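Listing of data_9.cif, mmCIF, C-alpha atoms
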```
data_data
#
loop_
_atom_site.label_atom_id
_atom_site.label_comp_id
_atom_site.auth_asym_id
_atom_site.auth_seq_id
_atom_site.Cartn_x
_atom_site.Cartn_y
_atom_site.Cartn_z
CA MET P 1 91.26 -48.90 6.79
CA ILE P 2 91.59 -51.52 4.05
CA ILE P 3 94.73 -51.56 1.94
CA LEU P 4 95.39 -53.44 -1.29
CA GLY P 5 99.00 -54.40 -1.97
CA ILE P 6 100.06 -55.44 -5.46
CA ASP P 7 103.19 -57.14 -6.69
CA PRO P 8 103.00 -57.21 -10.51
CA GLY P 9 104.96 -59.84 -12.42
CA SER P 10 105.05 -61.16 -15.97
CA ILE P 11 103.42 -64.54 -15.24
CA ARG P 12 101.43 -63.75 -12.12
CA ILE P 13 100.40 -60.79 -10.01
CA GLY P 14 100.52 -61.10 -6.24
CA TYR P 15 97.77 -59.37 -4.28
CA GLY P 16 97.19 -58.89 -0.58
CA LEU P 17 94.44 -57.10 1.30
CA ILE P 18 94.99 -56.03 4.87
CA LYS P 19 92.89 -54.29 7.48
CA THR P 20 94.40 -51.79 9.90
CA ASN P 21 92.38 -51.60 13.05
CA GLY P 22 94.82 -50.90 15.85
CA GLY P 23 96.65 -54.04 14.75
CA LEU P 24 96.99 -55.48 11.29
CA SER P 25 95.13 -58.43 9.81
CA ALA P 26 95.00 -60.12 6.42
CA LEU P 27 91.63 -60.10 4.65
CA ASP P 28 92.71 -61.98 1.56
CA TYR P 29 95.79 -62.76 -0.47
CA GLY P 30 96.79 -64.81 -3.49
CA VAL P 31 97.95 -64.57 -7.07
CA ILE P 32 96.35 -63.77 -10.40
CA GLU P 33 97.69 -65.97 -13.20
CA ILE P 34 98.00 -63.72 -16.24
CA LYS P 35 99.97 -65.65 -18.86
CA ARG P 36 98.10 -65.08 -22.14
CA LYS P 37 98.64 -65.23 -25.90
CA ASN P 38 99.00 -61.50 -26.41
CA ALA P 39 99.52 -58.21 -24.59
CA ALA P 40 95.89 -57.07 -24.89
CA GLU P 41 94.46 -60.30 -23.40
CA LEU P 42 97.02 -60.32 -20.61
CA ILE P 43 96.35 -56.70 -19.70
CA LEU P 44 92.56 -57.14 -19.83
CA LYS P 45 92.77 -60.20 -17.58
CA ALA P 46 94.99 -58.38 -15.04
CA ALA P 47 92.70 -55.32 -14.97
CA GLU P 48 89.53 -57.42 -14.62
CA GLU P 49 90.88 -59.40 -11.68
CA ILE P 50 92.09 -56.26 -9.89
CA SER P 51 88.68 -54.71 -10.55
CA LYS P 52 86.97 -57.73 -8.91
CA LEU P 53 89.15 -57.34 -5.80
CA ILE P 54 88.32 -53.63 -5.60
CA LYS P 55 84.58 -54.33 -5.90
CA LYS P 56 84.76 -57.03 -3.24
CA TYR P 57 86.90 -55.26 -0.61
CA HIS P 58 86.57 -51.52 -1.34
CA PRO P 59 90.16 -50.67 -0.37
CA ASP P 60 90.83 -47.14 0.90
CA MET P 61 94.35 -47.17 -0.44
CA ALA P 62 96.61 -49.24 -2.66
CA GLY P 63 100.35 -49.88 -2.64
CA ILE P 64 102.38 -51.06 -5.61
CA GLU P 65 106.07 -51.77 -5.86
CA LYS P 66 108.21 -49.38 -7.90
CA ILE P 67 110.13 -50.95 -10.76
CA TYR P 68 113.68 -49.76 -11.23
CA PHE P 69 115.26 -52.09 -13.72
CA SER P 70 115.02 -55.60 -14.97
CA LYS P 71 117.86 -57.92 -15.93
CA ASN P 72 115.56 -59.21 -18.67
CA VAL P 73 114.41 -56.19 -20.68
CA LYS P 74 111.51 -58.07 -22.33
CA THR P 75 110.17 -59.05 -18.90
CA GLY P 76 110.71 -55.50 -17.64
CA ILE P 77 108.61 -54.11 -20.48
CA GLU P 78 105.83 -56.67 -19.93
CA VAL P 79 105.70 -56.07 -16.18
CA SER P 80 105.68 -52.29 -16.68
CA GLN P 81 102.78 -52.57 -19.13
CA THR P 82 100.76 -54.68 -16.70
CA ARG P 83 101.65 -52.26 -13.93
CA GLY P 84 100.38 -49.33 -16.03
CA ALA P 85 97.05 -51.08 -16.65
CA ILE P 86 96.69 -51.88 -12.93
CA ILE P 87 97.46 -48.27 -11.94
CA LEU P 88 94.82 -47.08 -14.43
CA GLU P 89 92.27 -49.51 -12.99
CA ILE P 90 92.94 -48.31 -9.43
CA ALA P 91 93.15 -44.61 -10.31
CA ARG P 92 89.80 -44.87 -12.15
CA GLN P 93 88.23 -45.96 -8.86
CA LYS P 94 89.74 -42.85 -7.23
CA ILE P 95 91.76 -44.99 -4.81
CA PRO P 96 95.04 -43.31 -3.77
CA ILE P 97 98.10 -45.29 -4.86
CA LYS P 98 101.42 -45.34 -3.03
CA GLU P 99 104.43 -46.40 -5.06
CA LEU P 100 107.01 -48.03 -2.84
CA SER P 101 110.62 -48.92 -3.48
CA PRO P 102 111.89 -52.37 -2.42
CA SER P 103 113.94 -50.78 0.38
CA GLU P 104 110.93 -48.79 1.65
CA ILE P 105 108.95 -52.05 1.81
CA LYS P 106 111.75 -53.89 3.61
CA LEU P 107 112.25 -51.01 6.03
CA ALA P 108 108.54 -50.74 6.83
CA VAL P 109 108.12 -54.47 7.44
CA THR P 110 111.37 -55.47 9.12
CA GLY P 111 112.88 -52.17 10.23
CA TYR P 112 115.86 -52.84 7.97
CA GLY P 113 116.01 -51.60 4.35
CA LEU P 114 118.38 -54.34 3.22
CA ALA P 115 116.51 -57.30 4.77
CA ASP P 116 116.45 -60.48 2.68
CA LYS P 117 113.27 -61.97 1.17
CA LYS P 118 112.99 -64.63 3.88
CA ALA P 119 113.15 -62.09 6.70
CA VAL P 120 110.50 -59.93 4.98
CA ALA P 121 108.17 -62.94 4.52
CA LYS P 122 108.63 -64.03 8.15
CA MET P 123 107.99 -60.54 9.52
CA THR P 124 104.99 -60.05 7.20
CA ALA P 125 103.37 -63.23 8.58
CA ARG P 126 104.17 -62.15 12.16
CA LEU P 127 102.71 -58.64 11.72
CA LEU P 128 99.51 -60.18 10.30
CA SER P 129 99.37 -62.89 13.02
CA LEU P 130 99.54 -65.63 10.40
CA GLU P 131 101.29 -68.93 11.06
CA LYS P 132 102.36 -69.11 7.44
CA ILE P 133 101.52 -67.32 4.20
CA GLU P 134 100.37 -70.01 1.79
CA GLY P 135 101.19 -70.22 -1.91
CA PHE P 136 103.55 -68.23 -4.09
CA ASP P 137 106.00 -65.64 -2.74
CA ASP P 138 104.17 -63.03 -4.86
CA ALA P 139 101.24 -63.14 -2.42
CA SER P 140 103.49 -62.68 0.61
CA ASP P 141 105.28 -59.84 -1.18
CA ALA P 142 101.94 -58.16 -1.93
CA LEU P 143 100.97 -58.34 1.75
CA ALA P 144 104.34 -56.76 2.64
CA ILE P 145 103.59 -53.98 0.14
CA ALA P 146 100.16 -53.41 1.73
CA ILE P 147 101.78 -53.21 5.18
CA ALA P 148 104.37 -50.75 3.88
CA ALA P 149 101.65 -48.62 2.26
CA SER P 150 99.80 -48.51 5.59
CA ALA P 151 102.92 -47.62 7.57
CA THR P 152 102.90 -44.11 8.91
CA ARG P 153 106.03 -42.70 10.47
CA THR P 154 104.69 -43.63 13.91
CA TYR P 155 104.13 -47.20 12.90
CA LEU P 156 107.57 -47.33 11.37
CA ASN P 157 109.14 -45.99 14.57
CA ASN P 158 107.36 -48.60 16.66
CA THR P 159 108.69 -51.35 14.44
CA LEU P 160 112.17 -49.92 14.68
CA ASP P 161 111.92 -49.71 18.48
CA GLU P 162 111.01 -53.40 18.69
CA ASN P 163 114.29 -54.47 17.12
CA MET L 1 87.78 -48.59 -42.22
CA ILE L 2 89.13 -46.19 -39.61
CA ILE L 3 92.46 -46.96 -37.95
CA LEU L 4 94.00 -45.36 -34.88
CA GLY L 5 97.79 -45.33 -34.73
CA ILE L 6 99.55 -44.64 -31.44
CA ASP L 7 103.15 -43.77 -30.67
CA PRO L 8 103.51 -43.74 -26.88
CA GLY L 9 106.29 -41.71 -25.31
CA SER L 10 107.21 -40.50 -21.83
CA ILE L 11 106.36 -36.81 -22.37
CA ARG L 12 103.82 -37.03 -25.17
CA ILE L 13 101.82 -39.62 -27.07
CA GLY L 14 101.48 -39.28 -30.81
CA TYR L 15 98.15 -40.24 -32.34
CA GLY L 16 96.96 -40.50 -35.91
CA LEU L 17 93.61 -41.52 -37.37
CA ILE L 18 93.38 -42.63 -40.97
CA LYS L 19 90.59 -43.76 -43.21
CA THR L 20 91.08 -46.49 -45.80
CA ASN L 21 88.65 -46.12 -48.63
CA GLY L 22 90.43 -47.33 -51.72
CA GLY L 23 93.12 -44.76 -50.96
CA LEU L 24 94.29 -43.51 -47.58
CA SER L 25 93.43 -40.23 -45.90
CA ALA L 26 94.20 -38.62 -42.54
CA LEU L 27 91.19 -37.87 -40.34
CA ASP L 28 93.11 -36.38 -37.45
CA TYR L 29 96.56 -36.37 -35.88
CA GLY L 30 98.42 -34.72 -33.07
CA VAL L 31 100.00 -35.28 -29.69
CA ILE L 32 98.72 -35.74 -26.16
CA GLU L 33 100.93 -33.99 -23.62
CA ILE L 34 101.11 -36.30 -20.60
CA LYS L 35 103.86 -34.96 -18.33
CA ARG L 36 102.39 -35.12 -14.82
CA LYS L 37 103.44 -35.17 -11.18
CA ASN L 38 102.95 -38.89 -10.67
CA ALA L 39 102.38 -42.18 -12.48
CA ALA L 40 98.67 -42.39 -11.66
CA GLU L 41 97.89 -38.88 -12.98
CA LEU L 42 99.95 -39.44 -16.11
CA ILE L 43 98.28 -42.78 -16.84
CA LEU L 44 94.78 -41.42 -16.20
CA LYS L 45 95.41 -38.48 -18.52
CA ALA L 46 96.73 -40.74 -21.30
CA ALA L 47 93.79 -43.14 -21.00
CA GLU L 48 91.22 -40.33 -20.94
CA GLU L 49 92.58 -38.67 -24.06
CA ILE L 50 92.72 -41.98 -25.96
CA SER L 51 89.17 -42.67 -24.80
CA LYS L 52 88.03 -39.30 -26.23
CA LEU L 53 89.58 -40.14 -29.61
CA ILE L 54 87.86 -43.53 -29.64
CA LYS L 55 84.49 -41.94 -28.82
CA LYS L 56 84.94 -39.32 -31.53
CA TYR L 57 86.18 -41.51 -34.40
CA HIS L 58 85.07 -45.07 -33.56
CA PRO L 59 88.16 -46.74 -35.04
CA ASP L 60 87.78 -50.32 -36.31
CA MET L 61 91.36 -51.16 -35.49
CA ALA L 62 94.34 -49.75 -33.63
CA GLY L 63 98.07 -50.03 -34.19
CA ILE L 64 100.73 -49.45 -31.55
CA GLU L 65 104.49 -49.67 -31.82
CA LYS L 66 106.24 -52.55 -30.07
CA ILE L 67 108.86 -51.54 -27.52
CA TYR L 68 112.03 -53.58 -27.51
CA PHE L 69 114.45 -51.76 -25.34
CA SER L 70 115.29 -48.32 -24.13
CA LYS L 71 118.70 -46.76 -23.62
CA ASN L 72 117.18 -45.01 -20.61
CA VAL L 73 115.63 -47.69 -18.39
CA LYS L 74 113.53 -45.20 -16.38
CA THR L 75 112.00 -43.86 -19.61
CA GLY L 76 111.48 -47.40 -20.88
CA ILE L 77 109.52 -48.30 -17.74
CA GLU L 78 107.40 -45.12 -17.94
CA VAL L 79 106.60 -45.60 -21.62
CA SER L 80 105.73 -49.27 -21.07
CA GLN L 81 103.36 -48.33 -18.24
CA THR L 82 101.60 -45.76 -20.39
CA ARG L 83 101.47 -48.27 -23.23
CA GLY L 84 99.83 -50.84 -20.92
CA ALA L 85 97.16 -48.35 -19.87
CA ILE L 86 96.48 -47.41 -23.52
CA ILE L 87 96.21 -51.08 -24.54
CA LEU L 88 93.73 -51.62 -21.68
CA GLU L 89 91.67 -48.64 -22.81
CA ILE L 90 91.52 -49.90 -26.41
CA ALA L 91 90.94 -53.56 -25.51
CA ARG L 92 88.07 -52.53 -23.22
CA GLN L 93 86.34 -51.01 -26.26
CA LYS L 94 86.82 -54.36 -28.05
CA ILE L 95 88.94 -52.74 -30.76
CA PRO L 96 91.53 -55.14 -32.22
CA ILE L 97 95.11 -53.98 -31.61
CA LYS L 98 98.05 -54.71 -33.87
CA GLU L 99 101.49 -54.47 -32.30
CA LEU L 100 104.04 -53.45 -34.90
CA SER L 101 107.82 -53.49 -34.77
CA PRO L 102 109.73 -50.43 -36.05
CA SER L 103 110.90 -52.42 -39.09
CA GLU L 104 107.36 -53.58 -39.90
CA ILE L 105 106.23 -49.94 -39.83
CA LYS L 106 109.12 -48.80 -42.02
CA LEU L 107 108.55 -51.68 -44.46
CA ALA L 108 104.81 -51.02 -44.72
CA VAL L 109 105.24 -47.29 -45.30
CA THR L 110 108.37 -47.08 -47.44
CA GLY L 111 108.85 -50.63 -48.71
CA TYR L 112 112.20 -50.75 -46.90
CA GLY L 113 112.55 -52.06 -43.32
CA LEU L 114 115.64 -50.00 -42.57
CA ALA L 115 114.36 -46.65 -43.90
CA ASP L 116 115.36 -43.57 -41.87
CA LYS L 117 112.90 -41.38 -39.96
CA LYS L 118 112.90 -38.69 -42.64
CA ALA L 119 112.01 -41.14 -45.42
CA VAL L 120 109.20 -42.61 -43.30
CA ALA L 121 107.78 -39.13 -42.56
CA LYS L 122 107.97 -38.13 -46.23
CA MET L 123 106.30 -41.32 -47.47
CA THR L 124 103.64 -41.11 -44.71
CA ALA L 125 102.67 -37.61 -45.91
CA ARG L 126 102.66 -38.79 -49.55
CA LEU L 127 100.48 -41.85 -48.85
CA LEU L 128 97.99 -39.60 -47.03
CA SER L 129 98.14 -36.88 -49.74
CA LEU L 130 99.33 -34.32 -47.21
CA GLU L 131 101.70 -31.50 -48.16
CA LYS L 132 103.27 -31.65 -44.74
CA ILE L 133 102.49 -33.27 -41.38
CA GLU L 134 102.39 -30.44 -38.87
CA GLY L 135 103.75 -30.50 -35.33
CA PHE L 136 105.83 -33.05 -33.48
CA ASP L 137 107.36 -36.14 -35.14
CA ASP L 138 105.27 -38.25 -32.74
CA ALA L 139 102.13 -37.40 -34.73
CA SER L 140 103.76 -38.32 -38.05
CA ASP L 141 105.04 -41.56 -36.48
CA ALA L 142 101.52 -42.37 -35.24
CA LEU L 143 100.12 -41.89 -38.75
CA ALA L 144 102.84 -44.23 -40.07
CA ILE L 145 101.79 -46.80 -37.45
CA ALA L 146 98.14 -46.48 -38.53
CA ILE L 147 99.17 -47.01 -42.17
CA ALA L 148 101.23 -50.06 -41.22
CA ALA L 149 98.32 -51.48 -39.19
CA SER L 150 96.06 -51.06 -42.21
CA ALA L 151 98.54 -52.69 -44.58
CA THR L 152 97.46 -56.09 -45.77
CA ARG L 153 99.92 -58.22 -47.69
CA THR L 154 98.35 -56.96 -50.92
CA TYR L 155 98.87 -53.37 -49.94
CA LEU L 156 102.41 -54.11 -48.88
CA ASN L 157 103.13 -55.79 -52.22
CA ASN L 158 101.75 -52.79 -54.09
CA THR L 159 104.03 -50.49 -52.14
CA LEU L 160 107.00 -52.73 -52.82
CA ASP L 161 106.15 -52.86 -56.54
CA GLU L 162 106.10 -49.07 -56.73
CA ASN L 163 109.74 -48.84 -55.68
#
```

Would you mind writing the file out in structure tokens?
Amino acid sequence: MIILGIDPGSIRIGYGLIKTNGGLSALDYGVIEIKRKNAAELILKAAEEISKLIKKYHPDMAGIEKIYFSKNVKTGIEVSQTRGAIILEIARQKIPIKELSPSEIKLAVTGYGLADKKAVAKMTARLLSLEKIEGFDDASDALAIAIAASATRTYLNNTLDEN
Amino acid sequence: MIILGIDPGSIRIGYGLIKTNGGLSALDYGVIEIKRKNAAELILKAAEEISKLIKKYHPDMAGIEKIYFSKNVKTGIEVSQTRGAIILEIARQKIPIKELSPSEIKLAVTGYGLADKKAVAKMTARLLSLEKIEGFDDASDALAIAIAASATRTYLNNTLDEN
């Protein structure tokens, strides 16, 4: 199974594609730079890049982080708009989308719902047998989201047992 | 010229289509009920209904209200997501989109940026030569947004001169 994880932001969108085949492996990850003059251009750019990833990797499922609040309301609105466009793009392709809370992602990856960012990044790399996840944190976060979206209860229990 | 005005909300989206041909007239208006089980279904429904309106009326331009803040953050996130999906749908059809602030809409319709909702609704009906705008306020608001999107400086000056 191929899973697309997405971490939408106001300046860039992190993406991560993983393959579950007994173990987990990373197919691709990176960021989409979306800063543009206006909302329509930004949203079009985000949707087009997500569409390219879908055409290239044909994911069976997608995971996207839930947004709860933003300290900066303007940023919160922008990120939510981009998120809406991405969800539309994915839903149009009839790919199931899992919305995951930050604590669900942390729990799935590290076995601890209050884990810090560093612990999540480290465990994400370990689960994907990567020495290091290159580039922006957004890409690592997106891979963590993909792992969390793939995590069944069984998988989650195994992770918990390891700790 | 045909202009589509949109007032996105969390439960329903108001829409209004006007024609500018010397004067202004309403082609169609109403609301799209979007309450759904999950974000993906809601967003798909909103985008599909907007797409139908675009196919039916071929608007030359669209206007959508800017969101600044929301007292209820959850609602603000939901509305922003829907708004992002609608902007994507319109931008995909290469229709220019004007984002309008509440005060720009009020100013364009009534000549006064701090006009109350009732005054805006009344003036919207008058400008469109309608006895009454039926149904939810969202539809009337969407027509006001379409009028504001159509308003050039000249039009705006004429409105201001009338008062």

>> Set the cut-off to 9 Å and count all atoms listed in the file: what are the residues of chain P that reach chain L? Output as a PyMOL selection string.
In response: chain P and resi 39-41+43-44+47+67-70+73-74+76-92+96-97+99

>> Please report the interatomic distance between CA of Ala62 (chain P) and CA of Ile50 (chain L) in Å with one decimal.
In response: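 Answer for the CA of Ala62 (chain P) to CA of Ile50 (chain L) separation: 24.7 Å.
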
>> What's the separation between CA of Gly113 (chain L) and CA of Ile145 (chain L), in Å to one decimal place?
In response: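 Interatomic distance here is 13.3 Å.
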
>> I'd like to know which of P:Ile54, P:Ala115, P:Val120, P:Ile147 is closest to Leu24 (chain P), using all atoms listed in the file.
In response: P:Ile147

>> I want to know what sits within 12 Å of Arg126 (chain P), based on only C-alpha atoms, with residues of the same chain fewer than 6 positions away left out; could you give that as a PyMOL selection string?
In response: chain P and resi 23-26+109-110+119-120+132-133+140+143-144+147+159

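Take the candidates P:Ile2, P:Ala151, P:Ala142, P:Ala108 and check each one against Leu27 (chain P) using only C-alpha atoms; the shortest distance goes to P:Ile2.
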
> Quick one, how far is CA of Ile32 (chain P) from CA of Ala121 (chain P)?
Replying inline: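 Computing it gives 19.1 Å between the two atoms.
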
>> Under the rule that all atoms listed in the file are counted, which of L:Ile18, L:Ile3, L:Ala148, L:Gly135 is the nearest residue to Ile95 (chain L)?
In response: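 Among L:Ile18, L:Ile3, L:Ala148, L:Gly135, it is L:Ile3 that comes nearest to Ile95 (chain L).
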
>> For the PyMOL selection byres ((chain P and resi 139) around 7), applied here, can you spell out every residue it catches as a VMD selection string?
In response: chain P and resid 14 to 16 29 to 31 136 to 138 140 to 143

> Taking all atoms listed in the file into account, which of L:Ser150, L:Asp116, L:Leu130, L:Leu100 comes nearest Ile64 (chain L)?
Replying inline: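 Comparing L:Ser150, L:Asp116, L:Leu130, L:Leu100 against Ile64 (chain L), the winner is L:Leu100.
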
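Each of L:Met61, L:Ile13, L:Leu53, L:Ile105 was checked against Thr124 (chain L) using all atoms listed in the file; the smallest atom-to-atom distance is that of L:Ile105.
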
> Can you tell me, as a PyMOL selection string, which residues sit within 8 Å of (113.8, -47.6, -36.0) in the file's frame, using all atoms listed in the file?
Replying inline: chain L and resi 102-103+106+114-117

>> Here is a test: counting only C-alpha atoms, which residue of L:Lys122, L:Leu107, L:Ala149, L:Gln93 is nearest to Lys52 (chain L)?
In response: L:Gln93

Centre and size of axis-aligned box enclosing region 42-45 of chain P plus 4 Å each side, as AutoDock Vina command-line options:
```
--center_x 94.8 --center_y -58.5 --center_z -19.1 --size_x 12.5 --size_y 11.6 --size_z 11.0
```

As a PDB file, in the coordinates of the input, please: region 41-58 of chain P completed to N, CA and C atoms.
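The result, stored in result-v4.pdb:
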```pdb
ATOM      1  N   GLU P  41      95.174 -59.320 -24.245  1.00  0.00           N
ATOM      2  CA  GLU P  41      94.460 -60.300 -23.400  1.00  0.00           C
ATOM      3  C   GLU P  41      95.014 -60.322 -21.983  1.00  0.00           C
ATOM      4  N   LEU P  42      96.339 -60.287 -21.904  1.00  0.00           N
ATOM      5  CA  LEU P  42      97.020 -60.320 -20.610  1.00  0.00           C
ATOM      6  C   LEU P  42      96.621 -59.092 -19.764  1.00  0.00           C
ATOM      7  N   ILE P  43      96.650 -57.947 -20.399  1.00  0.00           N
ATOM      8  CA  ILE P  43      96.350 -56.700 -19.700  1.00  0.00           C
ATOM      9  C   ILE P  43      94.876 -56.648 -19.278  1.00  0.00           C
ATOM     10  N   LEU P  44      93.998 -57.099 -20.165  1.00  0.00           N
ATOM     11  CA  LEU P  44      92.560 -57.140 -19.830  1.00  0.00           C
ATOM     12  C   LEU P  44      92.311 -58.039 -18.629  1.00  0.00           C
ATOM     13  N   LYS P  45      92.923 -59.231 -18.659  1.00  0.00           N
ATOM     14  CA  LYS P  45      92.770 -60.200 -17.580  1.00  0.00           C
ATOM     15  C   LYS P  45      93.233 -59.589 -16.238  1.00  0.00           C
ATOM     16  N   ALA P  46      94.430 -58.981 -16.250  1.00  0.00           N
ATOM     17  CA  ALA P  46      94.990 -58.380 -15.040  1.00  0.00           C
ATOM     18  C   ALA P  46      94.033 -57.302 -14.503  1.00  0.00           C
ATOM     19  N   ALA P  47      93.568 -56.432 -15.388  1.00  0.00           N
ATOM     20  CA  ALA P  47      92.700 -55.320 -14.970  1.00  0.00           C
ATOM     21  C   ALA P  47      91.367 -55.846 -14.425  1.00  0.00           C
ATOM     22  N   GLU P  48      90.812 -56.871 -15.076  1.00  0.00           N
ATOM     23  CA  GLU P  48      89.530 -57.420 -14.620  1.00  0.00           C
ATOM     24  C   GLU P  48      89.638 -58.036 -13.229  1.00  0.00           C
ATOM     25  N   GLU P  49      90.722 -58.745 -12.984  1.00  0.00           N
ATOM     26  CA  GLU P  49      90.880 -59.400 -11.680  1.00  0.00           C
ATOM     27  C   GLU P  49      91.107 -58.366 -10.571  1.00  0.00           C
ATOM     28  N   ILE P  50      91.872 -57.329 -10.880  1.00  0.00           N
ATOM     29  CA  ILE P  50      92.090 -56.260  -9.890  1.00  0.00           C
ATOM     30  C   ILE P  50      90.758 -55.557  -9.620  1.00  0.00           C
ATOM     31  N   SER P  51      89.991 -55.347 -10.678  1.00  0.00           N
ATOM     32  CA  SER P  51      88.680 -54.710 -10.550  1.00  0.00           C
ATOM     33  C   SER P  51      87.764 -55.522  -9.633  1.00  0.00           C
ATOM     34  N   LYS P  52      87.789 -56.850  -9.775  1.00  0.00           N
ATOM     35  CA  LYS P  52      86.970 -57.730  -8.910  1.00  0.00           C
ATOM     36  C   LYS P  52      87.363 -57.561  -7.442  1.00  0.00           C
ATOM     37  N   LEU P  53      88.674 -57.492  -7.180  1.00  0.00           N
ATOM     38  CA  LEU P  53      89.150 -57.340  -5.800  1.00  0.00           C
ATOM     39  C   LEU P  53      88.690 -55.997  -5.226  1.00  0.00           C
ATOM     40  N   ILE P  54      88.743 -54.960  -6.047  1.00  0.00           N
ATOM     41  CA  ILE P  54      88.320 -53.630  -5.600  1.00  0.00           C
ATOM     42  C   ILE P  54      86.830 -53.639  -5.269  1.00  0.00           C
ATOM     43  N   LYS P  55      86.035 -54.273  -6.134  1.00  0.00           N
ATOM     44  CA  LYS P  55      84.580 -54.330  -5.900  1.00  0.00           C
ATOM     45  C   LYS P  55      84.256 -55.127  -4.639  1.00  0.00           C
ATOM     46  N   LYS P  56      85.044 -56.152  -4.386  1.00  0.00           N
ATOM     47  CA  LYS P  56      84.760 -57.030  -3.240  1.00  0.00           C
ATOM     48  C   LYS P  56      85.177 -56.379  -1.911  1.00  0.00           C
ATOM     49  N   TYR P  57      86.350 -55.720  -1.899  1.00  0.00           N
ATOM     50  CA  TYR P  57      86.900 -55.260  -0.610  1.00  0.00           C
ATOM     51  C   TYR P  57      86.888 -53.750  -0.405  1.00  0.00           C
ATOM     52  N   HIS P  58      86.585 -52.988  -1.431  1.00  0.00           N
ATOM     53  CA  HIS P  58      86.570 -51.520  -1.340  1.00  0.00           C
ATOM     54  C   HIS P  58      87.775 -50.951  -0.581  1.00  0.00           C
TER      55      HIS P  58
END
```
